[in-house]
file work.cif (mmCIF, C-alpha atoms)
data_data
#
loop_
_atom_site.label_atom_id
_atom_site.label_comp_id
_atom_site.auth_asym_id
_atom_site.auth_seq_id
_atom_site.Cartn_x
_atom_site.Cartn_y
_atom_site.Cartn_z
CA MET K 5 -74.34 -69.17 -56.84
CA THR K 6 -74.50 -68.19 -53.18
CA ILE K 7 -72.21 -66.29 -50.84
CA GLU K 8 -71.10 -69.63 -49.40
CA ASP K 9 -70.07 -70.72 -52.90
CA ALA K 10 -68.14 -67.47 -53.39
CA GLU K 11 -66.24 -68.03 -50.16
CA LYS K 12 -64.93 -71.37 -51.47
CA LEU K 13 -63.55 -69.96 -54.73
CA THR K 14 -59.79 -69.81 -55.23
CA ILE K 15 -57.76 -68.74 -58.24
CA PRO K 16 -56.50 -71.81 -60.16
CA LYS K 17 -52.71 -71.92 -60.37
CA TYR K 18 -52.61 -71.80 -64.19
CA LEU K 19 -54.75 -68.65 -64.14
CA THR K 20 -52.59 -67.14 -61.43
CA GLU K 21 -49.67 -67.58 -63.80
CA ARG K 22 -51.60 -66.04 -66.71
CA ILE K 23 -52.48 -63.02 -64.61
CA ARG K 24 -48.86 -62.74 -63.49
CA LYS K 25 -47.67 -62.77 -67.11
CA ALA K 26 -50.33 -60.28 -68.20
CA ASP K 27 -49.39 -57.96 -65.36
CA PHE K 28 -45.67 -58.23 -66.10
CA LYS K 29 -46.32 -57.42 -69.74
CA LYS K 30 -48.15 -54.21 -68.77
CA HIS K 31 -46.03 -53.41 -65.71
CA PRO K 32 -42.53 -54.90 -66.04
CA THR K 33 -41.47 -52.69 -63.15
CA PRO K 34 -43.36 -53.46 -59.89
CA GLU K 35 -45.94 -50.78 -59.06
CA LYS K 36 -47.86 -50.04 -55.88
CA SER K 37 -51.06 -49.21 -57.73
CA ILE K 38 -53.94 -51.69 -57.84
CA ARG K 39 -54.70 -53.46 -61.14
CA PHE K 40 -57.67 -55.63 -62.02
CA TYR K 41 -57.81 -58.77 -64.17
CA ALA K 42 -60.60 -61.26 -64.75
CA TYR K 43 -61.06 -64.88 -65.72
CA LEU K 44 -64.11 -66.78 -66.89
CA ALA K 45 -65.55 -70.00 -65.52
CA LEU K 46 -68.60 -72.18 -66.00
CA TRP K 47 -70.54 -72.45 -62.76
CA LYS K 48 -71.89 -75.98 -62.52
CA ARG K 49 -71.00 -76.33 -66.21
CA LYS K 50 -73.88 -74.10 -67.25
CA GLU K 51 -73.70 -70.49 -66.07
CA LEU K 52 -70.88 -68.32 -67.37
CA ILE K 53 -69.34 -66.24 -64.58
CA LYS K 54 -66.63 -63.60 -64.53
CA ILE K 55 -64.30 -63.51 -61.56
CA THR K 56 -62.47 -60.23 -61.01
CA VAL K 57 -59.06 -60.35 -59.38
CA ALA K 58 -57.23 -57.42 -57.78
CA ALA K 59 -53.44 -57.40 -58.08
CA LYS K 60 -50.88 -55.34 -56.20
CA HIS K 61 -47.13 -55.39 -55.66
CA TYR K 62 -45.89 -55.21 -52.10
CA ARG K 63 -42.20 -55.54 -51.32
CA ARG K 64 -41.58 -56.84 -54.83
CA LYS K 65 -44.13 -59.61 -54.45
CA LEU K 66 -47.36 -59.70 -56.51
CA TYR K 67 -50.44 -60.30 -54.36
CA MET K 68 -53.77 -61.37 -55.88
CA LYS K 69 -57.26 -61.77 -54.47
CA ILE K 70 -60.76 -62.34 -55.79
CA VAL K 71 -62.85 -59.21 -55.20
CA ALA K 72 -65.95 -59.62 -57.40
CA ILE K 73 -68.01 -62.31 -59.13
CA HIS K 74 -70.51 -61.51 -61.87
CA GLY K 75 -72.83 -64.00 -63.57
CA LEU K 76 -73.90 -63.57 -67.19
CA HIS K 77 -77.59 -63.81 -66.30
CA ALA K 78 -77.43 -62.99 -62.59
CA GLN K 79 -79.21 -60.05 -61.06
CA ARG K 80 -76.72 -59.92 -58.22
CA CYS K 81 -72.97 -59.85 -58.03
CA TYR K 82 -70.81 -60.82 -55.04
CA ILE K 83 -68.02 -58.61 -53.76
CA LYS K 84 -65.36 -58.72 -51.08
CA ASP K 85 -63.06 -55.99 -49.75
CA LEU K 86 -63.95 -53.77 -52.72
CA GLU K 87 -65.28 -50.23 -52.56
CA TYR K 88 -65.99 -47.65 -55.22
CA ASN K 89 -63.85 -44.54 -54.89
CA TYR K 90 -63.49 -41.99 -57.68
CA MET K 91 -60.06 -41.07 -56.29
CA GLY K 92 -58.78 -44.65 -56.28
CA ALA K 93 -57.15 -46.86 -58.88
CA MET K 94 -59.59 -47.55 -61.74
CA GLY K 95 -62.26 -45.90 -59.59
CA TYR K 96 -62.06 -48.53 -56.84
CA ARG K 97 -60.10 -49.28 -53.69
CA VAL K 98 -59.29 -52.67 -52.20
CA GLY K 99 -58.58 -53.82 -48.65
CA TRP K 100 -55.58 -56.10 -48.08
CA PHE K 101 -55.66 -56.88 -44.35
CA ASP K 102 -56.15 -60.64 -44.79
CA GLU K 103 -53.11 -60.73 -47.06
CA GLY K 104 -50.99 -59.16 -44.33
CA ILE K 105 -49.94 -56.06 -46.26
CA GLN K 106 -51.86 -53.48 -44.23
CA LYS K 107 -52.05 -53.00 -40.46
CA TYR K 108 -55.78 -52.49 -39.94
CA TYR K 109 -59.08 -53.48 -41.50
CA LYS K 110 -60.60 -50.93 -43.83
CA TRP K 111 -64.22 -50.13 -43.03
CA TYR K 112 -65.38 -51.86 -46.20
CA GLU K 113 -63.55 -55.13 -45.45
CA ARG K 114 -66.54 -57.04 -44.19
CA GLY K 115 -66.32 -60.37 -46.02
CA TRP K 116 -68.43 -61.46 -48.97
CA CYS K 117 -71.66 -59.59 -49.63
CA TRP K 118 -73.91 -58.97 -52.60
CA ALA K 119 -74.85 -55.92 -54.67
CA ASP K 120 -76.80 -55.15 -57.82
CA ASP K 121 -75.12 -56.76 -60.81
CA LYS K 122 -74.45 -53.45 -62.56
CA TYR K 123 -72.18 -52.25 -59.74
CA TYR K 124 -68.67 -53.15 -58.61
CA ASP K 125 -67.51 -54.14 -62.06
CA PRO K 126 -64.15 -52.44 -62.69
CA TYR K 127 -62.63 -52.81 -66.12
CA ALA K 128 -60.47 -55.93 -66.03
CA PRO K 129 -58.79 -57.63 -69.03
CA ILE K 130 -59.95 -61.24 -69.35
CA VAL K 131 -57.15 -63.82 -69.47
CA ASN K 132 -59.08 -66.93 -70.68
CA TYR K 133 -61.64 -66.13 -73.36
CA GLU K 134 -61.54 -69.74 -74.53
CA VAL K 135 -64.09 -70.72 -71.87
CA ILE K 136 -66.82 -69.19 -74.05
CA ASP K 137 -66.02 -71.77 -76.75
CA LYS K 138 -67.60 -74.40 -74.52
CA LEU K 139 -70.97 -72.71 -74.93
CA PRO K 140 -72.38 -73.39 -78.41
CA GLU K 141 -74.95 -70.60 -78.17
CA TYR K 142 -72.12 -68.06 -78.53
CA LYS K 143 -70.31 -69.83 -81.35
CA TYR K 144 -71.26 -67.13 -83.87
CA SER K 145 -71.20 -64.19 -81.49
CA ALA K 146 -67.80 -62.93 -82.76
CA TYR K 147 -66.95 -62.31 -79.12
CA LYS K 148 -63.22 -62.56 -79.86
CA GLN K 149 -63.51 -59.55 -82.17
CA TYR K 150 -65.59 -57.50 -79.79
CA GLY K 151 -63.40 -54.60 -78.73
CA GLY K 152 -65.59 -53.17 -75.97
CA ILE K 153 -64.83 -53.28 -72.27
CA ASP K 154 -68.03 -55.06 -71.13
CA LEU K 155 -68.07 -58.54 -72.62
CA PHE K 156 -71.04 -59.74 -70.56
CA LYS K 157 -73.14 -56.80 -71.65
CA TYR K 158 -72.31 -57.62 -75.26
CA LEU K 159 -73.23 -61.29 -74.87
CA ARG K 160 -76.55 -60.33 -73.26
CA VAL K 161 -77.32 -58.03 -76.17
CA TYR K 162 -76.25 -60.71 -78.68
CA GLU K 163 -78.71 -63.19 -77.15
CA LYS K 164 -81.56 -60.81 -77.95
CA TYR K 165 -80.14 -59.23 -81.10
CA PRO K 166 -77.98 -61.67 -83.13
CA GLN K 167 -77.36 -58.76 -85.54
CA ALA K 168 -74.73 -57.59 -83.06
CA GLU K 169 -72.37 -60.15 -84.64
CA MET K 170 -72.53 -58.25 -87.95
CA PHE K 171 -71.66 -55.00 -86.20
CA VAL K 172 -68.59 -56.58 -84.58
CA LYS K 173 -67.37 -58.34 -87.72
CA PHE K 174 -67.47 -55.11 -89.69
CA GLY K 175 -65.54 -53.20 -87.04
CA LEU K 176 -68.57 -51.50 -85.52
CA SER K 177 -68.15 -52.71 -81.93
CA THR K 178 -68.74 -49.15 -80.75
CA TYR K 179 -72.36 -49.45 -81.88
CA ALA K 180 -72.91 -53.15 -81.09
CA LEU K 181 -74.74 -52.33 -77.86
CA SER K 182 -77.16 -49.82 -79.38
CA LYS K 183 -80.58 -51.44 -79.25
CA GLN K 184 -81.97 -48.75 -81.54
CA LEU K 185 -79.47 -49.54 -84.30
CA LEU K 186 -79.77 -53.29 -83.75
CA GLU K 187 -83.54 -53.18 -84.03
CA LYS K 188 -83.29 -51.03 -87.16
CA SER K 189 -80.85 -53.46 -88.78
CA ALA K 190 -83.09 -56.42 -87.89
CA LYS K 191 -86.07 -54.88 -89.72
CA ASP K 192 -84.37 -53.01 -92.57
CA LYS K 193 -82.18 -54.89 -95.03
CA GLN K 194 -81.20 -51.68 -96.82
CA PHE K 195 -79.98 -50.25 -93.53
CA ARG K 196 -77.75 -53.30 -93.03
CA LYS K 197 -76.25 -52.74 -96.47
CA TRP K 198 -75.78 -49.03 -95.72
CA LEU K 199 -73.92 -49.89 -92.52
CA ILE K 200 -71.58 -52.23 -94.39
CA ARG K 201 -70.91 -49.65 -97.11
CA ASN K 202 -70.10 -47.00 -94.52
CA SER K 203 -68.31 -49.28 -92.05
CA SER K 204 -64.87 -47.88 -92.81
CA GLU K 205 -66.08 -44.34 -92.01
CA LEU K 206 -67.97 -45.47 -88.90
CA HIS K 207 -65.05 -47.56 -87.63
CA GLY K 208 -62.75 -45.79 -85.22
CA ARG K 209 -65.03 -42.80 -84.78
CA TYR K 210 -68.08 -42.27 -82.66
CA TYR K 211 -71.21 -40.86 -84.22
CA TYR K 212 -74.44 -40.24 -82.36
CA VAL K 213 -77.12 -42.84 -83.06
CA THR K 214 -79.36 -40.01 -84.29
CA THR K 215 -76.57 -38.99 -86.68
CA ILE K 216 -76.35 -42.49 -88.16
CA LEU K 217 -80.12 -42.84 -88.60
CA SER K 218 -80.45 -39.35 -90.07
CA SER K 219 -77.55 -39.90 -92.49
CA TYR K 220 -79.15 -43.15 -93.68
CA LYS K 221 -82.54 -41.50 -94.10
CA THR K 222 -81.40 -38.29 -95.83
CA GLY K 223 -78.24 -39.41 -97.61
CA LYS K 224 -76.35 -36.49 -96.13
CA PRO K 225 -72.71 -37.00 -95.01
CA LEU K 226 -72.17 -38.29 -91.48
CA ASP K 227 -69.78 -35.47 -90.57
CA HIS K 228 -72.28 -32.85 -91.74
CA ILE K 229 -75.08 -34.26 -89.58
CA GLN K 230 -72.76 -34.93 -86.62
CA GLN K 231 -71.74 -31.29 -86.57
CA LEU K 232 -75.40 -30.28 -86.63
CA GLU K 233 -76.19 -32.69 -83.79
CA ARG K 234 -73.34 -31.32 -81.66
CA GLN K 235 -74.48 -27.77 -82.30
CA LYS K 236 -78.05 -28.78 -81.48
CA LYS K 237 -77.03 -30.35 -78.16
CA SER K 238 -75.01 -27.28 -77.24
CA PHE K 239 -77.60 -24.80 -78.50
CA CYS K 240 -80.55 -26.53 -76.79
CA ASN K 241 -78.80 -26.78 -73.44
CA LYS K 242 -81.04 -24.83 -71.04
CA ASN K 243 -78.01 -23.70 -69.07
CA GLY K 244 -76.12 -22.64 -72.19
CA SER K 245 -75.78 -19.32 -73.96
CA TYR K 246 -78.24 -17.61 -76.30
CA PRO K 247 -81.56 -18.03 -74.43
CA GLU K 248 -83.25 -15.44 -76.70
CA LEU K 249 -82.18 -17.31 -79.83
CA ARG K 250 -83.45 -20.58 -78.37
CA ARG K 251 -86.85 -19.03 -77.73
CA PHE K 252 -86.97 -17.38 -81.15
CA PHE K 253 -86.05 -20.54 -83.09
CA LYS K 254 -88.12 -22.95 -81.00
CA GLY K 255 -89.55 -25.50 -83.41
CA GLN K 256 -87.08 -24.71 -86.20
CA THR K 257 -83.74 -25.34 -84.51
CA ILE K 258 -82.46 -27.65 -87.24
CA LYS K 259 -83.39 -25.14 -89.96
CA PHE K 260 -81.49 -22.45 -88.06
CA LEU K 261 -78.40 -24.62 -87.51
CA GLU K 262 -78.36 -25.76 -91.15
CA TYR K 263 -78.49 -22.11 -92.17
CA ILE K 264 -75.56 -21.32 -89.87
CA GLN K 265 -73.59 -24.19 -91.39
CA LYS K 266 -74.48 -23.27 -94.98
CA GLN K 267 -73.47 -19.64 -94.42
CA ASP K 268 -70.16 -20.75 -92.89
CA THR K 269 -70.68 -18.70 -89.76
CA SER K 270 -71.19 -19.32 -86.04
CA ILE K 271 -74.05 -19.04 -83.57
CA ALA K 272 -72.14 -16.31 -81.73
CA THR K 273 -71.80 -14.23 -84.91
CA TYR K 274 -75.46 -14.73 -85.76
CA ASN K 275 -76.39 -13.69 -82.22
CA ASP K 276 -74.60 -10.37 -82.78
CA TYR K 277 -76.56 -9.93 -86.03
CA PHE K 278 -79.82 -10.90 -84.29
CA ASN K 279 -79.29 -8.37 -81.49
CA ALA K 280 -78.40 -5.66 -84.00
CA CYS K 281 -81.58 -6.31 -86.01
CA ASN K 282 -83.72 -6.12 -82.87
CA TYR K 283 -82.02 -2.90 -81.79
CA LEU K 284 -82.69 -1.40 -85.22
CA GLY K 285 -86.38 -2.45 -85.00
CA LEU K 286 -86.35 -4.73 -88.03
CA ASP K 287 -89.28 -7.11 -88.54
CA MET K 288 -87.83 -10.49 -87.51
CA SER K 289 -90.93 -12.33 -88.68
CA GLU K 290 -89.71 -11.92 -92.26
CA ASP K 291 -87.40 -14.58 -93.69
CA LYS K 292 -85.34 -11.96 -95.52
CA ASN K 293 -84.26 -10.60 -92.14
CA VAL K 294 -84.00 -13.91 -90.29
CA PHE K 295 -82.24 -15.86 -93.07
CA PRO K 296 -80.58 -13.35 -95.43
CA HIS K 297 -79.12 -14.99 -98.54
CA ASN K 298 -75.69 -13.42 -98.09
CA PHE K 299 -75.30 -13.47 -94.34
CA LYS K 300 -71.80 -11.98 -94.16
CA HIS K 301 -72.85 -8.98 -96.25
CA TRP K 302 -76.00 -8.30 -94.23
CA HIS K 303 -74.26 -9.03 -90.95
CA ASN K 304 -71.62 -6.38 -91.66
CA MET K 305 -74.25 -3.89 -92.79
CA ARG K 306 -76.52 -4.40 -89.77
CA ILE K 307 -73.59 -4.24 -87.34
CA ASP K 308 -72.46 -0.94 -88.91
CA GLN K 309 -76.00 0.41 -88.71
CA TYR K 310 -76.25 -0.73 -85.10
CA HIS K 311 -73.01 1.01 -84.08
CA THR K 312 -74.10 4.21 -85.83
CA ALA K 313 -77.54 4.17 -84.20
CA LYS K 314 -76.12 3.31 -80.81
CA ALA K 315 -73.49 6.04 -81.04
CA MET K 316 -76.20 8.57 -81.86
CA LYS K 317 -78.36 7.32 -78.99
CA ASP K 318 -75.41 7.28 -76.63
CA ALA K 319 -74.53 10.83 -77.62
CA GLU K 320 -78.10 11.94 -76.97
CA GLU K 321 -78.19 10.12 -73.65
CA ARG K 322 -74.80 11.59 -72.76
CA LYS K 323 -76.09 15.06 -73.58
CA GLU K 324 -79.12 14.48 -71.34
CA LEU K 325 -76.87 13.10 -68.59
CA TYR K 326 -74.59 16.17 -68.69
CA ALA K 327 -77.60 18.47 -68.51
CA LYS K 328 -79.16 16.55 -65.63
CA PHE K 329 -75.78 16.33 -63.83
CA ALA K 330 -75.28 20.09 -64.12
CA SER K 331 -78.80 20.73 -62.85
CA VAL K 332 -78.26 18.53 -59.77
CA ALA K 333 -74.87 20.15 -59.09
CA GLU K 334 -76.48 23.60 -59.25
CA LYS K 335 -79.24 22.47 -56.88
CA TYR K 336 -76.75 21.39 -54.20
CA LEU K 337 -74.15 24.08 -54.77
CA SER K 338 -74.70 25.41 -51.25
CA LEU K 339 -73.13 22.25 -49.78
CA GLN K 340 -69.73 23.52 -50.91
CA ARG K 341 -67.45 25.02 -48.21
CA ASN K 342 -64.29 27.13 -48.53
CA ARG K 343 -63.56 28.69 -45.13
CA GLU K 344 -60.82 26.48 -43.64
CA ALA K 345 -57.50 25.02 -44.70
CA PHE K 346 -59.50 22.57 -46.82
CA ILE K 347 -62.28 23.38 -49.22
CA VAL K 348 -65.09 21.19 -50.57
CA ILE K 349 -66.19 21.50 -54.20
CA ILE K 350 -69.12 19.71 -55.79
CA ALA K 351 -68.50 17.94 -59.11
CA ARG K 352 -70.09 19.94 -61.95
CA SER K 353 -70.00 17.35 -64.77
CA PRO K 354 -69.20 13.68 -65.55
CA SER K 355 -65.93 14.85 -67.09
CA ASP K 356 -64.97 16.28 -63.68
CA LEU K 357 -65.35 12.77 -62.26
CA MET K 358 -63.20 11.27 -65.01
CA HIS K 359 -60.47 13.87 -64.46
CA GLU K 360 -60.56 13.29 -60.71
CA GLY K 361 -60.43 9.49 -61.12
CA ASP K 362 -57.61 9.59 -63.67
CA THR K 363 -55.53 11.95 -61.53
CA LEU K 364 -56.03 10.08 -58.25
CA HIS K 365 -56.07 6.61 -59.86
CA HIS K 366 -59.41 5.44 -58.48
CA CYS K 367 -62.80 4.55 -59.97
CA VAL K 368 -64.92 7.67 -59.46
CA GLY K 369 -64.80 8.35 -63.20
CA ARG K 370 -66.23 4.89 -63.86
CA MET K 371 -68.68 2.51 -62.15
CA ASN K 372 -71.77 4.71 -62.85
CA TYR K 373 -71.09 7.36 -60.23
CA ASP K 374 -72.26 9.92 -62.80
CA GLN K 375 -75.61 8.09 -63.14
CA LYS K 376 -76.07 7.95 -59.34
CA PHE K 377 -75.28 11.69 -59.17
CA ALA K 378 -77.83 12.52 -61.88
CA ARG K 379 -80.47 10.40 -60.10
CA GLU K 380 -79.65 12.24 -56.82
CA GLU K 381 -78.78 8.99 -55.08
CA SER K 382 -75.39 10.30 -53.96
CA LEU K 383 -73.27 13.35 -54.65
CA ILE K 384 -69.55 13.51 -55.37
CA PHE K 385 -67.45 16.23 -53.71
CA PHE K 386 -63.78 17.05 -54.13
CA VAL K 387 -61.78 17.96 -51.02
CA ARG K 388 -58.86 20.25 -51.90
CA ASN K 389 -56.14 22.11 -50.06
CA ALA K 390 -57.22 25.75 -49.91
CA SER K 391 -53.76 26.75 -51.16
CA GLU K 392 -54.10 24.43 -54.22
CA PRO K 393 -57.82 24.49 -55.09
CA HIS K 394 -57.32 23.10 -58.62
CA ILE K 395 -55.23 20.07 -57.68
CA PRO K 396 -57.18 16.81 -56.93
CA PHE K 397 -56.54 15.66 -53.38
CA VAL K 398 -59.39 13.67 -51.77
CA THR K 399 -62.68 12.44 -53.27
CA MET K 400 -65.84 12.02 -51.21
CA GLU K 401 -69.24 10.36 -51.86
CA TYR K 402 -72.19 11.75 -49.84
CA SER K 403 -75.56 10.02 -49.44
CA LEU K 404 -78.52 12.38 -49.77
CA LYS K 405 -80.89 9.82 -48.28
CA ASN K 406 -78.82 8.89 -45.22
CA LYS K 407 -77.06 12.23 -44.88
CA LYS K 408 -73.68 10.64 -44.31
CA ILE K 409 -70.37 10.14 -46.05
CA LEU K 410 -70.24 6.82 -47.92
CA GLN K 411 -66.63 6.98 -49.12
CA CYS K 412 -63.66 9.27 -48.62
CA TYR K 413 -60.40 8.35 -50.37
CA GLY K 414 -57.23 9.91 -51.61
CA GLU K 415 -54.82 8.73 -54.32
CA HIS K 416 -54.97 4.99 -55.12
CA ASP K 417 -57.91 4.61 -52.70
CA HIS K 418 -55.71 5.40 -49.72
CA LYS K 419 -57.31 6.66 -46.51
CA PRO K 420 -56.81 10.44 -46.04
CA ASN K 421 -54.77 11.75 -43.10
CA ASP K 422 -56.42 12.52 -39.76
CA ASN K 423 -56.59 16.27 -40.43
CA VAL K 424 -58.70 15.70 -43.54
CA LEU K 425 -60.95 13.16 -41.83
CA GLU K 426 -61.52 15.48 -38.86
CA PHE K 427 -62.42 18.35 -41.19
CA VAL K 428 -64.76 16.21 -43.28
CA ASN K 429 -66.58 14.56 -40.36
CA LYS K 430 -66.55 17.33 -37.74
CA LYS K 431 -66.94 20.45 -39.82
CA TRP K 432 -68.15 19.79 -43.35
CA LEU K 433 -70.66 16.97 -42.68
CA PRO K 434 -72.72 18.91 -40.05
CA PHE K 435 -72.59 21.96 -42.31
CA ALA K 436 -73.71 19.93 -45.35
CA ASN K 437 -76.60 18.33 -43.47
CA ARG K 438 -77.83 21.75 -42.34
CA GLN K 439 -77.66 23.08 -45.90
CA LEU K 440 -79.43 19.99 -47.24
CA LYS K 441 -82.25 20.50 -44.76
CA LYS K 442 -82.70 24.08 -46.00
CA ILE K 443 -82.86 22.89 -49.60
CA GLN K 444 -85.46 20.26 -48.74
CA ILE K 445 -87.61 22.74 -46.80
CA ALA K 446 -87.45 25.24 -49.66
CA ALA K 447 -88.53 22.54 -52.09
#

call {"tool": "encode", "arguments": {"input": "work.cif", "output": "structure tokens"}}
result
Amino acid sequence: MTIEDAEKLTIPKYLTERIRKADFKKHPTPEKSIRFYAYLALWKRKELIKITVAAKHYRRKLYMKIVAIHGLHAQRCYIKDLEYNYMGAMGYRVGWFDEGIQKYYKWYERGWCWADDKYYDPYAPIVNYEVIDKLPEYKYSAYKQYGGIDLFKYLRVYEKYPQAEMFVKFGLSTYALSKQLLEKSAKDKQFRKWLIRNSSELHGRYYYVTTILSSYKTGKPLDHIQQLERQKKSFCNKNGSYPELRRFFKGQTIKFLEYIQKQDTSIATYNDYFNACNYLGLDMSEDKNVFPHNFKHWHNMRIDQYHTAKAMKDAEERKELYAKFASVAEKYLSLQRNREAFIVIIARSPSDLMHEGDTLHHCVGRMNYDQKFAREESLIFFVRNASEPHIPFVTMEYSLKNKKILQCYGEHDHKPNDNVLEFVNKKWLPFANRQLKKIQIAA
């Protein structure tokens, strides 16, 4: 077929009526959306072609036009006024200028042109399957029972793998296009029998091809293997969670996932156990630690041990932090000032920061300000009214490196009044920088 041949095609009247009836059955109330239908024809009485028709209601009239032609064995398809658009109806949009129901040409309305056969093939119910009956080579193809959406793809597969007929007749249309399963059934009689025995379970559900082949080989239930396959796909995803587990179980992923399934637990729960074991310094090259017989028991025990060990370590680290914090505060004690209406007090401990933050409703008691203080990255000072030296008022962060104020906020992170800002910037900051210089020279 050529483009010139495509230009001469028109929809036969009896097929126009069939499409009208099919559309009315699905859409008894006129709709503006575009629908697609298809009919079959024999080109020059030999080549089976599928002609796709777009349908649309406009002012209560149903308009139809041919928009695509696909040949069963053609490498090209022909299209007209059809463009792929993920936002459009069925993933496509259609131009209707020639039909007089739009004012201007769409950019893709350029007459008949060709494209690769695999493109521009929207799903379209076929209204005249009987045309296939005229081709004896498809007499036993069970095409009428094929429930998939791509009839031509099925017929192409059937030509190469006649076993596809068995799949369709036993309700396995979902798998009728799998070359791997078709080749296996062609070579293995026992596999064909297994498929028939399990057809009721396979029908209406989708199992991975690897699941089907593994179930046949091992005799394990389909659902059991399917769950393992799903977990494997998720677990092995490079962009997924648990990168350390993936590295650790490289080469024994299935063994790990079967263990998870047998122990009735989850990868997330095992990951907690795995992290706890590593924190506790257990030898994870030993199977008794990697695959404990009673996972729930050992999980609970290791998690308890982890929390105990971590609490002890945290307490020790907290003790060291308090000591370091106090030492830094003592070192920079001379930066305090108490001569004016406002006084400046250096924080003496992490608990001072928490009290200040809780009282003024800001984050100085959190967000690692205590760690920065202990590392001498920045110091925290409290600005108070001289008449109320114990009542939190304004909190200030001072950079030792840059010798400037990084933050200065009152309650709820509000900006202090001008009097406070003038005191902090004009009086305390120059004073603090002079004192800091003395400390650095003395050091």

call {"tool": "resolve_selection", "arguments": {"input": "work.cif", "expression": "the PyMOL selection byres ((chain K and resi 327-339) around 9)", "output": "PyMOL selection string"}}
result
chain K and resi 322-326+340-341+348-354+374-375+377-380+383+432+435-440+443

call {"tool": "closest_residue", "arguments": {"input": "work.cif", "among": "K:Thr6, K:Asn202, K:Gln265, K:Asn243", "to": "K:Gly223", "atoms": "only C-alpha atoms"}}
result
K:Asn202

call {"tool": "atom_distance", "arguments": {"input": "work.cif", "atom1": "atom CA of K:Met305", "atom2": "atom CA of K:Asp318"}}
result
19.7 Å

call {"tool": "residues_around", "arguments": {"input": "work.cif", "residues": "stretch 98-115 of chain K", "least_positions_apart": "3", "cutoff": "7 Å", "atoms": "all atoms listed in the file", "output": "list in words"}}
result
Lys84, Asp85, Leu86 and Glu87 of chain K

call {"tool": "write_last_selection", "arguments": {"input": "work.cif", "atoms": "C-alpha atoms", "output": "mmCIF file, in the coordinates of the input"}}
result
data_model
loop_
_atom_site.group_PDB
_atom_site.id
_atom_site.type_symbol
_atom_site.label_atom_id
_atom_site.label_comp_id
_atom_site.auth_asym_id
_atom_site.auth_seq_id
_atom_site.Cartn_x
_atom_site.Cartn_y
_atom_site.Cartn_z
ATOM 1 C CA LYS K 84 -65.360 -58.720 -51.080
ATOM 2 C CA ASP K 85 -63.060 -55.990 -49.750
ATOM 3 C CA LEU K 86 -63.950 -53.770 -52.720
ATOM 4 C CA GLU K 87 -65.280 -50.230 -52.560
#

call {"tool": "resolve_selection", "arguments": {"input": "work.cif", "expression": "the PyMOL selection byres ((chain K and resi 19-22) around 12)", "output": "PyMOL selection string"}}
result
chain K and resi 14-18+23-29+41-45+55-59+66-70+129-133

call {"tool": "write_last_selection", "arguments": {"input": "work.cif", "atoms": "C-alpha atoms", "output": "mmCIF file, in the frame of the given file"}}
result
data_model
loop_
_atom_site.group_PDB
_atom_site.id
_atom_site.type_symbol
_atom_site.label_atom_id
_atom_site.label_comp_id
_atom_site.auth_asym_id
_atom_site.auth_seq_id
_atom_site.Cartn_x
_atom_site.Cartn_y
_atom_site.Cartn_z
ATOM 1 C CA THR K 14 -59.790 -69.810 -55.230
ATOM 2 C CA ILE K 15 -57.760 -68.740 -58.240
ATOM 3 C CA PRO K 16 -56.500 -71.810 -60.160
ATOM 4 C CA LYS K 17 -52.710 -71.920 -60.370
ATOM 5 C CA TYR K 18 -52.610 -71.800 -64.190
ATOM 6 C CA ILE K 23 -52.480 -63.020 -64.610
ATOM 7 C CA ARG K 24 -48.860 -62.740 -63.490
ATOM 8 C CA LYS K 25 -47.670 -62.770 -67.110
ATOM 9 C CA ALA K 26 -50.330 -60.280 -68.200
ATOM 10 C CA ASP K 27 -49.390 -57.960 -65.360
ATOM 11 C CA PHE K 28 -45.670 -58.230 -66.100
ATOM 12 C CA LYS K 29 -46.320 -57.420 -69.740
ATOM 13 C CA TYR K 41 -57.810 -58.770 -64.170
ATOM 14 C CA ALA K 42 -60.600 -61.260 -64.750
ATOM 15 C CA TYR K 43 -61.060 -64.880 -65.720
ATOM 16 C CA LEU K 44 -64.110 -66.780 -66.890
ATOM 17 C CA ALA K 45 -65.550 -70.000 -65.520
ATOM 18 C CA ILE K 55 -64.300 -63.510 -61.560
ATOM 19 C CA THR K 56 -62.470 -60.230 -61.010
ATOM 20 C CA VAL K 57 -59.060 -60.350 -59.380
ATOM 21 C CA ALA K 58 -57.230 -57.420 -57.780
ATOM 22 C CA ALA K 59 -53.440 -57.400 -58.080
ATOM 23 C CA LEU K 66 -47.360 -59.700 -56.510
ATOM 24 C CA TYR K 67 -50.440 -60.300 -54.360
ATOM 25 C CA MET K 68 -53.770 -61.370 -55.880
ATOM 26 C CA LYS K 69 -57.260 -61.770 -54.470
ATOM 27 C CA ILE K 70 -60.760 -62.340 -55.790
ATOM 28 C CA PRO K 129 -58.790 -57.630 -69.030
ATOM 29 C CA ILE K 130 -59.950 -61.240 -69.350
ATOM 30 C CA VAL K 131 -57.150 -63.820 -69.470
ATOM 31 C CA ASN K 132 -59.080 -66.930 -70.680
ATOM 32 C CA TYR K 133 -61.640 -66.130 -73.360
#

call {"tool": "closest_residue", "arguments": {"input": "work.cif", "among": "K:Gln235, K:Asn298, K:Tyr283, K:Ala345", "to": "K:Ser270", "atoms": "all atoms listed in the file"}}
result
K:Gln235

call {"tool": "atom_distance", "arguments": {"input": "work.cif", "atom1": "atom CA of K:Asp227", "atom2": "atom CA of K:Ser203"}}
result
14.0 Å

call {"tool": "atom_distance", "arguments": {"input": "work.cif", "atom1": "atom CA of K:Gln411", "atom2": "atom CA of K:Met371"}}
result
13.9 Å
